Amino acid sequence: MTNEDLKITIAEILPDAVFEEGAEWLTLSVEPTIFKSFAQQLRSISSLNFDFLFCLTCVDWKTHFTMVYHFTSTTYRHTIVVKSKLDRNNPEIETVSDIWRTAEFHEREAYDLFGVKFINHPDLRRLFMTDDWVGWPLRKDYEDAVNMIKL
Amino acid sequence: MNQQTVIDNDLLKSPLSGRDLEGAWEVPFPGEVHPTAGGGIVISKLDEVINWARSNSLWPLIFGTSCCAIEMMSTAAAKYDWSRFGFEVARATPRQADVIIIAGTIVNKMAPVLKRLYDQMADPKYVIAMGACATSGGPFFYNTYSVVKGADHIIPVDVYIAGCPPRPEALLHAMITLQEKIKMGYTREQIKMQPPSPEGAF
């Protein structure tokens with residue numbers, strides 16, 4: 001499917017979706033509350049068939065967090081980017097690890113470095129940092145008096 | 001002028017006898033030719049011959065943690081071909097290696113691994129810190145929570161290479177420099193092994 005066709009199909013299942021312009025891939029933002037059901041549809045609707053989550057990451061904008069998901073279909077070879085804005089003081093979003101198994105580790109990474117809480121994740125604990133680590137290193141306001149030399 | 005006088009006798013003094021470093025960067029084979037009928041014999045010190053031999057059979061450990069490793073692989077490959085200088089026997093186990101090239105960033109999690117690898121290498125062993133990260137943390141010196149600010153916080157380093165990453169020529173230069181250091185007995189390992197001299201120097 002081309003980006004235009006994808007846009008039409010997605011506008012049907014999610015009428016109030018906000019699309020971004022000017023990117024290589026079709027990019028849209030959804031509310032974290034409806035993200036899970038939308039993600040489920042991306043995978044289950046046979047004409048979309050997004051069977052591969054190839055990137056899951058988080059961005060700290062200082063005022064809020066943005067979760068960014070890249071989905072692709074290995075049968076149709078079309079790709080979509082889904083963003084979701086999170087509250088910085090209480091970053092929470094439903095897990096998609098039951099839809100795409102790969103998200104299990106990706107979400108652990110986002111939790112480890114940004115402190116995003118993935119609701120219903122089967123095993124949400126630190127991945128790279130030690131289990132007793134305090135703080136979320138990739139947050140913009142992160143401070144570490146022991147390891148960090150501030151400039 | 002006969003053949004012998006070509007060899008500068010000062011250059012042949014061992015570091016133990018307090019040789020001056022200056023101008024001695026090209027280290028010849030240690031020893032003097034003593035002419036006899038029908039040829040000649042070389043008179044030398046066993047220690048220096050051993051150093052000469054060791055310097056010419058350095059076995060590097062295959063160790064790379066980031067982009068410097070790509071340059072190291074390039075140095076090993078056909079175009080730069082470090083086997084021209086006697087380094088081709090790269091080993092995948094520290095038990096069989098005697099020089100470790102720290103090619104890349106060392107993070108806090110990697111630090112104990114690097115220490116263990118170094119400890120597992122057989123004596124005598126030598127260390128080259130390749131590039132800015134291994135030298136000082138480089139681009140990761142400021143505002144990072146995970147990077148060790150220089151591999152010499154963990155293991156002693158003999159030769160440092162500048163660059164990010166250094167070009168293959170720089171790595172070759174560093175390895176040749178290491179050979180010179182070994183020949184002169186100036187690597188950290190060799191200095192550590194030397195008995196204290198009465199003068200206090202070296």
# chains A, B, ... in the order shown; residues from 1 in each chain; ligands from 1
call {"tool": "interface_residues", "arguments": {"of": "chain A", "to": "chain B", "cutoff": "8 Å", "atoms": "only C-alpha atoms", "output": "VMD selection string"}}
result
chain A and resid 137 144 147 to 151
call {"tool": "write_last_selection", "arguments": {"atoms": "C-alpha atoms", "output": "PDB file, in the first residue's frame"}}
result
ATOM      1  CA  PRO A 137      19.849   8.040  32.525  1.00  0.00           C
ATOM      2  CA  ASP A 144      24.849  11.551  38.335  1.00  0.00           C
ATOM      3  CA  ASN A 147      29.982   9.011  36.983  1.00  0.00           C
ATOM      4  CA  MET A 148      29.201  12.243  35.200  1.00  0.00           C
ATOM      5  CA  ILE A 149      31.509  15.187  34.525  1.00  0.00           C
ATOM      6  CA  LYS A 150      29.205  18.107  33.818  1.00  0.00           C
ATOM      7  CA  LEU A 151      30.021  20.629  31.123  1.00  0.00           C
TER       8      LEU A 151
END
call {"tool": "residues_around", "arguments": {"residues": "Gly150 in chain B", "least_positions_apart": "5", "cutoff": "9 Å", "atoms": "only C-alpha atoms", "output": "compact mmCIF listing (two decimals) with N, CA and C atoms, in the first residue's frame"}}
result
# COMPACT_ATOMS: atom_id res chain seq x y z
N THR B 105 35.41 2.39 22.85
CA THR B 105 34.94 2.93 24.12
C THR B 105 34.87 1.83 25.17
N ILE B 106 35.33 2.13 26.38
CA ILE B 106 35.17 1.20 27.48
C ILE B 106 34.10 1.77 28.42
N ALA B 129 46.36 1.78 23.71
CA ALA B 129 45.06 2.44 23.78
C ALA B 129 44.82 3.13 22.45
N ALA B 132 40.52 8.16 20.83
CA ALA B 132 40.17 9.10 21.90
C ALA B 132 39.45 8.42 23.06
N CYS B 133 38.55 7.49 22.78
CA CYS B 133 37.77 6.86 23.85
C CYS B 133 38.65 6.07 24.81
N ALA B 134 39.55 5.27 24.23
CA ALA B 134 40.41 4.45 25.08
C ALA B 134 41.44 5.30 25.81
N THR B 135 41.78 6.46 25.23
CA THR B 135 42.76 7.33 25.85
C THR B 135 42.17 8.12 27.01
N SER B 136 40.98 8.72 26.79
CA SER B 136 40.44 9.63 27.81
C SER B 136 38.93 9.60 27.93
N GLY B 137 38.26 8.76 27.20
CA GLY B 137 36.81 8.84 27.11
C GLY B 137 36.38 9.62 25.89
N GLY B 138 37.28 10.49 25.39
CA GLY B 138 37.08 11.21 24.14
C GLY B 138 35.76 11.96 24.07
N PHE B 141 33.56 12.19 27.24
CA PHE B 141 34.16 12.62 28.50
C PHE B 141 33.14 13.36 29.37
call {"tool": "residues_around", "arguments": {"residues": "Val18 in chain A", "least_positions_apart": "6", "cutoff": "8 Å", "atoms": "only C-alpha atoms", "output": "VMD selection string"}}
result
chain A and resid 28 to 30
call {"tool": "write_last_selection", "arguments": {"atoms": "N, CA and C atoms", "output": "tab-separated table (two decimals), in the first residue's frame"}}
result
chain	number	residue	atom	x	y	z
A	28	LEU	N	1.65	9.28	12.34
A	28	LEU	CA	0.45	9.80	13.00
A	28	LEU	C	0.61	9.73	14.50
A	29	SER	N	-0.17	10.57	15.19
A	29	SER	CA	-0.17	10.58	16.65
A	29	SER	C	-1.49	10.05	17.16
A	30	VAL	N	-1.41	9.26	18.22
A	30	VAL	CA	-2.64	8.78	18.86
A	30	VAL	C	-2.51	9.00	20.36
call {"tool": "select_by_dssp", "arguments": {"residues": "range 24-133 of chain B", "states": "strand (DSSP E or B)", "output": "ChimeraX atom specification"}}
result
/B:32-36,39-43,60-61,64,91,99-103,107,126-130
call {"tool": "residues_around", "arguments": {"residues": "range 77-82 of chain A", "least_positions_apart": "6", "cutoff": "7 Å", "atoms": "only C-alpha atoms", "output": "number ranges by chain"}}
result
A: 1, 25-29, 68-71
call {"tool": "closest_residue", "arguments": {"among": "A:Asp5, A:Glu109, A:Asp141, A:Asp16", "to": "Phe128 in chain A", "atoms": "only C-alpha atoms"}}
result
A:Glu109
call {"tool": "residues_around", "arguments": {"residues": "Ser74 in chain B", "least_positions_apart": "6", "cutoff": "9 Å", "atoms": "only C-alpha atoms", "output": "count of residues only"}}
result
3
call {"tool": "select_by_dssp", "arguments": {"residues": "range 10-122 of chain A", "states": "alpha helix (DSSP H)", "output": "number ranges by chain"}}
result
A: 10-13, 32-44, 103-114
call {"tool": "residues_around", "arguments": {"residues": "Glu48 in chain B", "least_positions_apart": "6", "cutoff": "9 Å", "atoms": "only C-alpha atoms", "output": "PDB file with N, CA and C atoms, in the first residue's frame"}}
result
ATOM      1  N   SER B  14      72.184  -0.915  27.118  1.00  0.00           N
ATOM      2  CA  SER B  14      70.840  -1.292  27.551  1.00  0.00           C
ATOM      3  C   SER B  14      70.238  -0.174  28.390  1.00  0.00           C
ATOM      4  N   PHE B  29      69.573  -4.160  15.685  1.00  0.00           N
ATOM      5  CA  PHE B  29      69.749  -5.426  16.395  1.00  0.00           C
ATOM      6  C   PHE B  29      70.814  -5.239  17.465  1.00  0.00           C
ATOM      7  N   PRO B  30      70.531  -5.686  18.693  1.00  0.00           N
ATOM      8  CA  PRO B  30      71.502  -5.451  19.767  1.00  0.00           C
ATOM      9  C   PRO B  30      72.751  -6.319  19.593  1.00  0.00           C
ATOM     10  N   GLY B  31      73.900  -5.694  19.659  1.00  0.00           N
ATOM     11  CA  GLY B  31      75.116  -6.486  19.616  1.00  0.00           C
ATOM     12  C   GLY B  31      76.182  -5.859  18.739  1.00  0.00           C
ATOM     13  N   LYS B 183      62.017  -3.278  22.555  1.00  0.00           N
ATOM     14  CA  LYS B 183      63.446  -3.473  22.292  1.00  0.00           C
ATOM     15  C   LYS B 183      64.295  -2.704  23.294  1.00  0.00           C
ATOM     16  N   MET B 184      63.795  -1.529  23.702  1.00  0.00           N
ATOM     17  CA  MET B 184      64.567  -0.715  24.645  1.00  0.00           C
ATOM     18  C   MET B 184      64.276  -1.080  26.094  1.00  0.00           C
ATOM     19  N   GLY B 185      63.302  -1.934  26.307  1.00  0.00           N
ATOM     20  CA  GLY B 185      62.967  -2.334  27.666  1.00  0.00           C
ATOM     21  C   GLY B 185      62.182  -1.289  28.419  1.00  0.00           C
TER      22      GLY B 185
END
call {"tool": "residues_around", "arguments": {"residues": "Leu127 in chain A", "least_positions_apart": "3", "cutoff": "10 Å", "atoms": "only C-alpha atoms", "output": "list in words"}}
result
Phe105, His106, Glu107, Arg108, Glu109, Ala110, Tyr111, Asp112, Leu113, Leu124, Thr130 and Asp131 of chain A
call {"tool": "write_last_selection", "arguments": {"atoms": "C-alpha atoms", "output": "mmCIF file, in the first residue's frame"}}
result
data_model
loop_
_atom_site.group_PDB
_atom_site.id
_atom_site.type_symbol
_atom_site.label_atom_id
_atom_site.label_comp_id
_atom_site.auth_asym_id
_atom_site.auth_seq_id
_atom_site.Cartn_x
_atom_site.Cartn_y
_atom_site.Cartn_z
ATOM 1 C CA PHE A 105 12.859 -6.159 25.376
ATOM 2 C CA HIS A 106 12.323 -2.810 23.662
ATOM 3 C CA GLU A 107 9.934 -1.736 26.372
ATOM 4 C CA ARG A 108 12.322 -2.883 29.055
ATOM 5 C CA GLU A 109 14.951 -0.672 27.440
ATOM 6 C CA ALA A 110 12.630 2.341 27.349
ATOM 7 C CA TYR A 111 11.736 1.659 30.964
ATOM 8 C CA ASP A 112 15.383 1.311 31.926
ATOM 9 C CA LEU A 113 16.554 4.565 30.338
ATOM 10 C CA LEU A 124 9.239 -4.862 33.480
ATOM 11 C CA THR A 130 22.218 -2.682 37.178
ATOM 12 C CA ASP A 131 19.123 -3.704 39.108
#
call {"tool": "atom_distance", "arguments": {"atom1": "CA of Val33 in chain B", "atom2": "CA of Ser83 in chain B"}}
result
29.3 Å
call {"tool": "atom_distance", "arguments": {"atom1": "CA of Thr65 in chain B", "atom2": "CA of Lys79 in chain B"}}
result
22.3 Å
call {"tool": "atom_distance", "arguments": {"atom1": "CA of Glu88 in chain B", "atom2": "CA of Val159 in chain B"}}
result
18.9 Å
